[in-house]
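In what follows, a structure is listed as structure tokens, so that the remarks can point back to it.
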Amino acid sequence: MHAVLSLPSLPPPPASASSAPPPPPAGGYGVMSKEDDTEEDLEGATGIPGRIAEAYAKVDGMMSETPGDCGTTVAVAVVREARGGGVEVYASNLGDSRVVLCKAGGEFQRLTEDHRASTNKAEVERVKKAGGFVFRNRVSGTLAVTRALGHEVDRELISNTPHISKTALSPSDVAIVVATDGVWDTVPEAEAARIVEGARMGGKSPTEAAEALKDYALGKYCRDNICAVVIYL
């Protein structure tokens, strides 16, 4: 699952100095702050990270009101003009969906943290301290991730508090990829950066770049869910 959240008081992200064609205008954004928020409010004690965490908690509460126990991982990228100039991205996630910054030449920077019981020792310790256990790399022997939205079973163990990072963007940054584990388990991040850069330099749209990532994952016999969003910078 993916989402791109927009702050109403902020302008849309500007195009970078890249010679590649700009992406089409994005649409269908979710609103996570009050209409009367000011720049000072967003830069305050809690600021944007606090608003992002509020949005996660609110969606988690909404999901808990629906019948059944169908949870989800999440990855979010908020791209905005920085207060002192330039452009920055706030990346956040729960579970093993990721936000990855693609740079020129196949370089990349992972902006989120995987919350997997199989690889994140700090998360395993958090689950144990909360009274839970991990069996065969799964929380309570069932769930592979330690953070998610909407899981009613083991709610006291599965956190809805996201990992949040802030990164200043540079002219060498090509795109942001927001994708599920079906992509990242089969497409190395360096390869994803090369695929996206090649698509952009070839005049392909962000949608076509995302399709290329999907096709690569399928070519590697991915049997998990595949969802990818590409944001050109």
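By order in the structure tokens, chains are A, B, ...; within a chain, residues start at 1; ligands start at 1, following the order shown.
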
- Item | DSSP-assigned alpha helix (DSSP H) among segment 16-214 of chain A, expressed as an MDAnalysis selection string | chainID A and resid 39:42 47:64 121:129 181:184 189:201 206:214

Please save C-alpha atoms of the selected residues as a compact mmCIF listing (two decimals), in the first residue's frame.
```txt
# COMPACT_ATOMS: atom_id res chain seq x y z
CA GLU A 39 4.59 27.51 8.25
CA GLU A 40 5.51 28.30 11.87
CA ASP A 41 3.06 25.68 13.13
CA LEU A 42 4.61 23.04 10.87
CA GLY A 47 6.08 20.02 13.30
CA ILE A 48 5.74 17.87 10.22
CA PRO A 49 6.92 14.62 11.87
CA GLY A 50 4.23 15.06 14.50
CA ARG A 51 1.57 15.59 11.84
CA ILE A 52 2.73 12.53 9.94
CA ALA A 53 2.51 10.41 13.11
CA GLU A 54 -0.98 11.85 13.76
CA ALA A 55 -2.07 10.79 10.29
CA TYR A 56 -0.80 7.24 10.83
CA ALA A 57 -2.62 6.98 14.16
CA LYS A 58 -5.83 8.36 12.65
CA VAL A 59 -5.83 5.89 9.76
CA ASP A 60 -5.04 3.05 12.16
CA GLY A 61 -8.06 4.04 14.26
CA MET A 62 -10.28 4.14 11.18
CA MET A 63 -9.11 0.69 10.14
CA SER A 64 -9.76 -0.70 13.60
CA LYS A 121 16.92 -6.87 16.32
CA ALA A 122 15.81 -3.66 18.03
CA GLU A 123 12.21 -4.34 16.98
CA VAL A 124 12.41 -7.91 18.24
CA GLU A 125 13.54 -6.60 21.63
CA ARG A 126 10.70 -4.06 21.65
CA VAL A 127 8.17 -6.84 21.02
CA LYS A 128 9.64 -8.96 23.81
CA LYS A 129 9.60 -6.06 26.28
CA ASP A 181 8.39 -5.62 -0.33
CA GLY A 182 7.37 -7.46 -3.48
CA VAL A 183 9.59 -4.98 -5.30
CA TRP A 184 12.44 -4.72 -2.80
CA GLU A 189 17.94 -0.80 -4.73
CA ALA A 190 20.91 0.03 -6.98
CA GLU A 191 19.18 -1.75 -9.85
CA ALA A 192 15.94 0.12 -9.12
CA ALA A 193 17.87 3.41 -9.28
CA ARG A 194 19.36 2.44 -12.66
CA ILE A 195 15.97 1.36 -14.04
CA VAL A 196 14.28 4.60 -12.97
CA GLU A 197 17.13 6.82 -14.20
CA GLY A 198 17.14 5.02 -17.55
CA ALA A 199 13.39 5.43 -17.88
CA ARG A 200 13.56 9.13 -17.15
CA MET A 201 16.49 9.82 -19.47
CA PRO A 206 6.88 8.12 -13.89
CA THR A 207 4.10 5.58 -14.49
CA GLU A 208 6.18 3.85 -17.14
CA ALA A 209 9.17 3.81 -14.78
CA ALA A 210 7.00 2.14 -12.13
CA GLU A 211 5.84 -0.38 -14.74
CA ALA A 212 9.48 -1.16 -15.51
CA LEU A 213 10.11 -1.91 -11.83
CA LYS A 214 7.04 -4.15 -11.76
```

Env of Ser92 of chain A: 7 Å cut, atoms = only C-alpha atoms, seq-sep filter 4 positions within chain, self excluded. Answer as an mmCIF file with N, CA, C and O atoms, in the first residue's frame.
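As a result, result_0.cif now contains:
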```cif
data_model
loop_
_atom_site.group_PDB
_atom_site.id
_atom_site.type_symbol
_atom_site.label_atom_id
_atom_site.label_comp_id
_atom_site.auth_asym_id
_atom_site.auth_seq_id
_atom_site.Cartn_x
_atom_site.Cartn_y
_atom_site.Cartn_z
ATOM 1 N N ALA A 75 4.158 3.199 3.362
ATOM 2 C CA ALA A 75 5.311 4.050 3.078
ATOM 3 C C ALA A 75 4.795 5.361 2.507
ATOM 4 O O ALA A 75 3.909 5.359 1.646
ATOM 5 N N VAL A 76 5.315 6.472 2.994
ATOM 6 C CA VAL A 76 4.827 7.804 2.616
ATOM 7 C C VAL A 76 6.014 8.714 2.314
ATOM 8 O O VAL A 76 7.024 8.689 3.032
ATOM 9 N N ALA A 77 5.898 9.530 1.273
ATOM 10 C CA ALA A 77 6.907 10.544 0.969
ATOM 11 C C ALA A 77 6.225 11.907 0.856
ATOM 12 O O ALA A 77 5.278 12.060 0.085
ATOM 13 N N THR A 112 13.918 4.975 4.676
ATOM 14 C CA THR A 112 13.061 4.368 5.691
ATOM 15 C C THR A 112 13.773 3.196 6.346
ATOM 16 O O THR A 112 14.899 2.853 5.987
ATOM 17 N N PRO A 162 5.373 5.423 13.142
ATOM 18 C CA PRO A 162 6.244 5.269 11.977
ATOM 19 C C PRO A 162 7.683 5.697 12.225
ATOM 20 O O PRO A 162 7.972 6.508 13.101
ATOM 21 N N HIS A 163 8.575 5.126 11.444
ATOM 22 C CA HIS A 163 9.927 5.657 11.324
ATOM 23 C C HIS A 163 9.839 6.861 10.390
ATOM 24 O O HIS A 163 9.225 6.786 9.318
ATOM 25 N N ILE A 164 10.442 7.990 10.774
ATOM 26 C CA ILE A 164 10.364 9.218 9.980
ATOM 27 C C ILE A 164 11.765 9.788 9.784
ATOM 28 O O ILE A 164 12.537 9.892 10.736
ATOM 29 N N SER A 165 12.097 10.152 8.557
ATOM 30 C CA SER A 165 13.382 10.786 8.274
ATOM 31 C C SER A 165 13.155 12.049 7.452
ATOM 32 O O SER A 165 12.146 12.192 6.757
#
```

- Message: If we count only C-alpha atoms and set the cut-off at 6 Å, which residues sit around Ile176 of chain A, ignoring sequence neighbours fewer than 6 positions away in its own chain? Please answer as a count of residues only.
- Response: 5

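If only C-alpha atoms are the atoms counted, then among A:Glu152, A:Glu107, A:Asp173, A:Glu113 the closest residue to Leu233 of chain A is A:Asp173.
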
- Item | Spatial neighbours of Ala144 of chain A, max dist 6 Å, only C-alpha atoms, sep filter under 2 positions, as a ChimeraX atom specification | /A:116-117,138

Generate a file of the selected residues that holds N, CA, C and O atoms, formatted as a CSV table (one decimal), in the first residue's frame.
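Saved file part_16.csv follows:
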```csv
chain,number,residue,atom,x,y,z
A,116,ARG,N,11.1,-5.6,10.2
A,116,ARG,CA,10.9,-7.1,10.0
A,116,ARG,C,11.5,-7.8,11.2
A,116,ARG,O,12.6,-7.5,11.7
A,117,ALA,N,10.7,-8.8,11.7
A,117,ALA,CA,11.1,-9.6,12.8
A,117,ALA,C,12.4,-10.4,12.5
A,117,ALA,O,13.1,-10.8,13.4
A,138,ARG,N,8.7,-14.5,13.1
A,138,ARG,CA,7.4,-13.8,13.0
A,138,ARG,C,6.8,-13.5,14.4
A,138,ARG,O,7.0,-14.3,15.3
```

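Interatomic distance, atom CA of Ala228 of chain A to atom CA of Cys70 of chain A: 20.4 Å.
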
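Nearest residue to Arg147 of chain A, choosing from A:Ala130, A:Thr72, A:Arg98, A:Lys204 and counting only C-alpha atoms: A:Thr72.
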